[in-house]
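Asks: This is the structure I want to talk about, given as structure tokens.
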Amino acid sequence: MTSPARALTGTALAALALAACVTGPLASSSQAGGISAAAVELPPAGAVLDYQLGTAYTPPRGVTMVTRDSTASPAAGLYNICYVNGFQSQPADRDVWLNQRGHLVLKDSSGKPIIDPNWPDEFLLDTSTSAKRTELASIIGRTIDQCAAKGFKAVEVDNLDSYLRSRGKLSVNNNLAYAKLLADRTHAKGLAIGQKNSAEEASRGRSEVGFDFAVSEECHRWEECSSYSDVYGSRVMDIEYTDDLRGTFEDVCNDPDTPATTTLRDRYLVGPGQSGYAFDHC
């Protein structure tokens, strides 16, 4: 990710444990063509997360889990999650999508690409047909493969909720079907996969897609943490931002609905020593 953190605008635990292979009720139900999530390593429950999408840096003392962009490398000795923008284009790839993959960019009735109004450098990807979903999954799947090759243990796939910005051209069913392809690709590489956004679709994300955990931005701010934890239990991680807290960060941490793994960051996710840098955790 090359731009600031994404804030949710949609509808509205346990002590630190060693990560273990998934078995029993925690195993994902995702299966397709013989692919199973039974052997992936889940994020450790109750971990201390640093969310480093803006820039990668040495994590503060006490951090046990890090999320970094797919272009970065994992942090040594920690559980690492790889950020993948699965449903929208990355700003740096603008020309590639326009010139080489234009048929996969969602367009309005006049043929102009539909952009994310909050992130005007990002085009929405067209998940409306099975053929396009398959082609997109192949392209984004290569990024997932790179995450695995670098040594990440999991991926979070951003913008599941892109259908809400599609001007009616995409449906939640389109995006869940596409997410299933990405989940199968991820599990085939031995990685866990996290749901990002669309709290109201957590149950379907778990049962139909096969997501193993959830990553939320501002679930406390938008009062939707329980929508994730009711489905994913203790394997929910939340990021709150200093510029838009509901109350104080102490209030956030004292709320019984707040996930144990909750991190406070600055909106632009800058590194230590840069203006505005902030990091804290519950």
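Labels used: A, B, ... for chains in the order of the structure tokens, numbers from 1 for residues in each chain, and numbers from 1 for ligands as shown.
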May I have a table of the residues of segment 113-152 of chain A lying at most 9 Å from segment 65-83 of chain A, giving each one's closest pair of atoms and their distance in Å to one decimal, counting only C-alpha atoms, ordered by chain and ascending residue number, as JSON lines?

Replies:
{"residue": "A:Thr143", "atom": "CA", "partner": "A:Ser70", "partner_atom": "CA", "distance": 7.1}
{"residue": "A:Ile144", "atom": "CA", "partner": "A:Ser70", "partner_atom": "CA", "distance": 8.1}
{"residue": "A:Gln146", "atom": "CA", "partner": "A:Ser70", "partner_atom": "CA", "distance": 7.6}
{"residue": "A:Cys147", "atom": "CA", "partner": "A:Ser70", "partner_atom": "CA", "distance": 6.1}
{"residue": "A:Ala148", "atom": "CA", "partner": "A:Cys82", "partner_atom": "CA", "distance": 8.8}
{"residue": "A:Lys150", "atom": "CA", "partner": "A:Ser73", "partner_atom": "CA", "distance": 6.4}
{"residue": "A:Gly151", "atom": "CA", "partner": "A:Pro74", "partner_atom": "CA", "distance": 6.6}
{"residue": "A:Phe152", "atom": "CA", "partner": "A:Asn80", "partner_atom": "CA", "distance": 5.1}

Asks: Selected residues, all heavy atoms, written as a PDB file, in the first residue's frame, please.

Replies:
ATOM      1  N   THR A 143       0.504 -11.995  -6.616  1.00  0.00           N
ATOM      2  CA  THR A 143       0.959 -11.224  -5.460  1.00  0.00           C
ATOM      3  C   THR A 143       0.896 -12.076  -4.194  1.00  0.00           C
ATOM      4  O   THR A 143       1.803 -12.035  -3.353  1.00  0.00           O
ATOM      5  CB  THR A 143       0.091  -9.957  -5.284  1.00  0.00           C
ATOM      6  OG1 THR A 143       0.201  -9.155  -6.460  1.00  0.00           O
ATOM      7  CG2 THR A 143       0.552  -9.142  -4.081  1.00  0.00           C
ATOM      8  N   ILE A 144      -0.165 -12.860  -4.057  1.00  0.00           N
ATOM      9  CA  ILE A 144      -0.272 -13.774  -2.921  1.00  0.00           C
ATOM     10  C   ILE A 144       0.878 -14.771  -2.929  1.00  0.00           C
ATOM     11  O   ILE A 144       1.478 -15.071  -1.889  1.00  0.00           O
ATOM     12  CB  ILE A 144      -1.630 -14.492  -2.959  1.00  0.00           C
ATOM     13  CG1 ILE A 144      -2.758 -13.480  -2.690  1.00  0.00           C
ATOM     14  CG2 ILE A 144      -1.683 -15.642  -1.964  1.00  0.00           C
ATOM     15  CD1 ILE A 144      -4.153 -14.022  -2.933  1.00  0.00           C
ATOM     16  N   GLN A 146       3.824 -14.271  -4.076  1.00  0.00           N
ATOM     17  CA  GLN A 146       5.021 -13.544  -3.654  1.00  0.00           C
ATOM     18  C   GLN A 146       5.047 -13.377  -2.138  1.00  0.00           C
ATOM     19  O   GLN A 146       6.114 -13.463  -1.517  1.00  0.00           O
ATOM     20  CB  GLN A 146       5.068 -12.188  -4.338  1.00  0.00           C
ATOM     21  CG  GLN A 146       5.318 -12.264  -5.842  1.00  0.00           C
ATOM     22  CD  GLN A 146       5.088 -10.944  -6.554  1.00  0.00           C
ATOM     23  OE1 GLN A 146       4.819  -9.907  -5.932  1.00  0.00           O
ATOM     24  NE2 GLN A 146       5.180 -10.951  -7.878  1.00  0.00           N
ATOM     25  N   CYS A 147       3.894 -13.141  -1.544  1.00  0.00           N
ATOM     26  CA  CYS A 147       3.820 -13.054  -0.081  1.00  0.00           C
ATOM     27  C   CYS A 147       4.306 -14.353   0.549  1.00  0.00           C
ATOM     28  O   CYS A 147       5.069 -14.339   1.526  1.00  0.00           O
ATOM     29  CB  CYS A 147       2.392 -12.765   0.371  1.00  0.00           C
ATOM     30  SG  CYS A 147       1.737 -11.147  -0.092  1.00  0.00           S
ATOM     31  N   ALA A 148       3.855 -15.465  -0.002  1.00  0.00           N
ATOM     32  CA  ALA A 148       4.265 -16.768   0.519  1.00  0.00           C
ATOM     33  C   ALA A 148       5.765 -16.983   0.346  1.00  0.00           C
ATOM     34  O   ALA A 148       6.455 -17.445   1.259  1.00  0.00           O
ATOM     35  CB  ALA A 148       3.485 -17.875  -0.174  1.00  0.00           C
ATOM     36  N   LYS A 150       8.093 -14.832   0.239  1.00  0.00           N
ATOM     37  CA  LYS A 150       8.866 -13.967   1.132  1.00  0.00           C
ATOM     38  C   LYS A 150       8.854 -14.458   2.579  1.00  0.00           C
ATOM     39  O   LYS A 150       9.681 -14.017   3.380  1.00  0.00           O
ATOM     40  CB  LYS A 150       8.320 -12.539   1.084  1.00  0.00           C
ATOM     41  CG  LYS A 150       8.623 -11.801  -0.206  1.00  0.00           C
ATOM     42  CD  LYS A 150       8.071 -10.377  -0.148  1.00  0.00           C
ATOM     43  CE  LYS A 150       8.434  -9.577  -1.381  1.00  0.00           C
ATOM     44  NZ  LYS A 150       7.934  -8.178  -1.307  1.00  0.00           N
ATOM     45  N   GLY A 151       7.908 -15.305   2.921  1.00  0.00           N
ATOM     46  CA  GLY A 151       7.856 -15.831   4.273  1.00  0.00           C
ATOM     47  C   GLY A 151       6.732 -15.297   5.141  1.00  0.00           C
ATOM     48  O   GLY A 151       6.709 -15.541   6.347  1.00  0.00           O
ATOM     49  N   PHE A 152       5.782 -14.571   4.550  1.00  0.00           N
ATOM     50  CA  PHE A 152       4.612 -14.149   5.309  1.00  0.00           C
ATOM     51  C   PHE A 152       3.792 -15.381   5.694  1.00  0.00           C
ATOM     52  O   PHE A 152       3.789 -16.390   4.995  1.00  0.00           O
ATOM     53  CB  PHE A 152       3.746 -13.197   4.486  1.00  0.00           C
ATOM     54  CG  PHE A 152       4.313 -11.810   4.346  1.00  0.00           C
ATOM     55  CD1 PHE A 152       5.106 -11.473   3.248  1.00  0.00           C
ATOM     56  CD2 PHE A 152       4.059 -10.840   5.306  1.00  0.00           C
ATOM     57  CE1 PHE A 152       5.621 -10.187   3.109  1.00  0.00           C
ATOM     58  CE2 PHE A 152       4.571  -9.561   5.178  1.00  0.00           C
ATOM     59  CZ  PHE A 152       5.360  -9.225   4.084  1.00  0.00           C
TER      60      PHE A 152
END

Asks: Report as a list in words: the residues of segment 69-218 of chain A with a DSSP assignment of strand (DSSP E), based on the backbone of this structure.

Replies: Asp69, Tyr79, Asn80, Ile81, Cys82, Tyr83, Val84, Ile115, Asp116, Trp119, Pro120, Asp121, Glu122, Phe123, Ala154, Val155, Glu156, Val157, Ala192, Ile193, Gly194, Gln195, Lys196, Phe213, Ala214, Val215, Ser216 and Glu217 of chain A

Asks: Save out the residues we just selected, C-alpha atoms, as a CSV table (one decimal), in the first residue's frame.

Replies:
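Saved to selection03.csv:
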chain,number,residue,atom,x,y,z
A,69,ASP,CA,2.5,-4.2,2.3
A,79,TYR,CA,4.0,-13.4,12.8
A,80,ASN,CA,3.7,-11.5,9.6
A,81,ILE,CA,0.6,-10.6,7.6
A,82,CYS,CA,0.9,-9.4,4.0
A,83,TYR,CA,-1.4,-6.6,2.8
A,84,VAL,CA,-2.9,-7.2,-0.7
A,115,ILE,CA,-12.7,5.1,-8.8
A,116,ASP,CA,-12.9,4.9,-5.1
A,119,TRP,CA,-8.9,7.0,-2.9
A,120,PRO,CA,-9.0,8.5,-6.3
A,121,ASP,CA,-5.8,6.8,-7.4
A,122,GLU,CA,-7.5,3.4,-7.1
A,123,PHE,CA,-9.8,1.8,-9.8
A,154,ALA,CA,-1.0,-14.8,6.2
A,155,VAL,CA,-2.6,-12.2,3.9
A,156,GLU,CA,-5.3,-9.6,4.4
A,157,VAL,CA,-7.2,-8.8,1.2
A,192,ALA,CA,-4.1,-18.0,6.3
A,193,ILE,CA,-6.4,-15.3,4.9
A,194,GLY,CA,-8.1,-12.4,6.6
A,195,GLN,CA,-11.4,-10.7,5.9
A,196,LYS,CA,-11.0,-6.9,5.5
A,213,PHE,CA,-9.6,-14.3,10.7
A,214,ALA,CA,-10.7,-10.7,10.4
A,215,VAL,CA,-8.9,-7.3,10.2
A,216,SER,CA,-10.9,-4.3,11.0
A,217,GLU,CA,-10.2,-0.6,10.7

Asks: So which one's closest to Tyr232 of chain A, A:Thr248, A:His220, A:Tyr178, A:Glu201? Using only C-alpha atoms, please.

Replies: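 Going through A:Thr248, A:His220, A:Tyr178, A:Glu201 one by one, the smallest distance to Tyr232 of chain A is for A:Glu201.
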
Asks: Using 12 Å as the limit and counting only C-alpha atoms, can you tabulate each residue of segment 173-200 of chain A that touches segment 36-59 of chain A, with its shortest atom-to-atom distance in Å and the two atoms involved, as JSON lines?

Replies:
{"residue": "A:Ala183", "atom": "CA", "partner": "A:Ala37", "partner_atom": "CA", "distance": 8.9}
{"residue": "A:Asp184", "atom": "CA", "partner": "A:Ser36", "partner_atom": "CA", "distance": 7.8}
{"residue": "A:Arg185", "atom": "CA", "partner": "A:Ser36", "partner_atom": "CA", "distance": 10.2}
{"residue": "A:Thr186", "atom": "CA", "partner": "A:Ala37", "partner_atom": "CA", "distance": 8.8}
{"residue": "A:His187", "atom": "CA", "partner": "A:Ala37", "partner_atom": "CA", "distance": 5.3}
{"residue": "A:Ala188", "atom": "CA", "partner": "A:Ser36", "partner_atom": "CA", "distance": 7.3}
{"residue": "A:Lys189", "atom": "CA", "partner": "A:Val40", "partner_atom": "CA", "distance": 8.9}
{"residue": "A:Gly190", "atom": "CA", "partner": "A:Val40", "partner_atom": "CA", "distance": 5.3}
{"residue": "A:Leu191", "atom": "CA", "partner": "A:Val40", "partner_atom": "CA", "distance": 5.4}
{"residue": "A:Ala192", "atom": "CA", "partner": "A:Val40", "partner_atom": "CA", "distance": 5.5}
{"residue": "A:Ile193", "atom": "CA", "partner": "A:Leu42", "partner_atom": "CA", "distance": 8.7}
{"residue": "A:Gly194", "atom": "CA", "partner": "A:Pro43", "partner_atom": "CA", "distance": 9.6}

Asks: Would you mind telling me which residue in A:Ser89, A:Ser162, A:Asn174, A:Thr127 lies nearest to Val209 of chain A when using only C-alpha atoms?

Replies: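 For Val209 of chain A, the nearest of the given residues is A:Asn174.
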
Asks: So, counting only C-alpha atoms, which residue among A:Lys180, A:Arg167, A:Arg265, A:Arg246 is closest to Arg221 of chain A?

Replies: A:Arg246

Asks: Of the residues A:Gly233, A:Gly86, A:Gly111, A:Gly247, which is the one nearest to Arg142 of chain A, using only C-alpha atoms?

Replies: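 Between A:Gly233, A:Gly86, A:Gly111, A:Gly247, the residue approaching Arg142 of chain A most closely is A:Gly86.
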
Asks: A:Arg267, A:Cys219, A:Ser109, A:Gly205: which is nearest Asp243 of chain A, counting only C-alpha atoms?

Replies: A:Arg267

Asks: Write out as a ChimeraX atom specification each polymer residue whose atoms come within 12 Å of Pro113 of chain A, counting only C-alpha atoms; drop sequence neighbours fewer than 6 positions from it.

Replies: /A:88-89,94,97-98,101-107,120-126,166-167,169

Asks: Distance atom CA of Asp145 of chain A-atom CA of Asp158 of chain A, one decimal place?

Replies: 16.3 Å
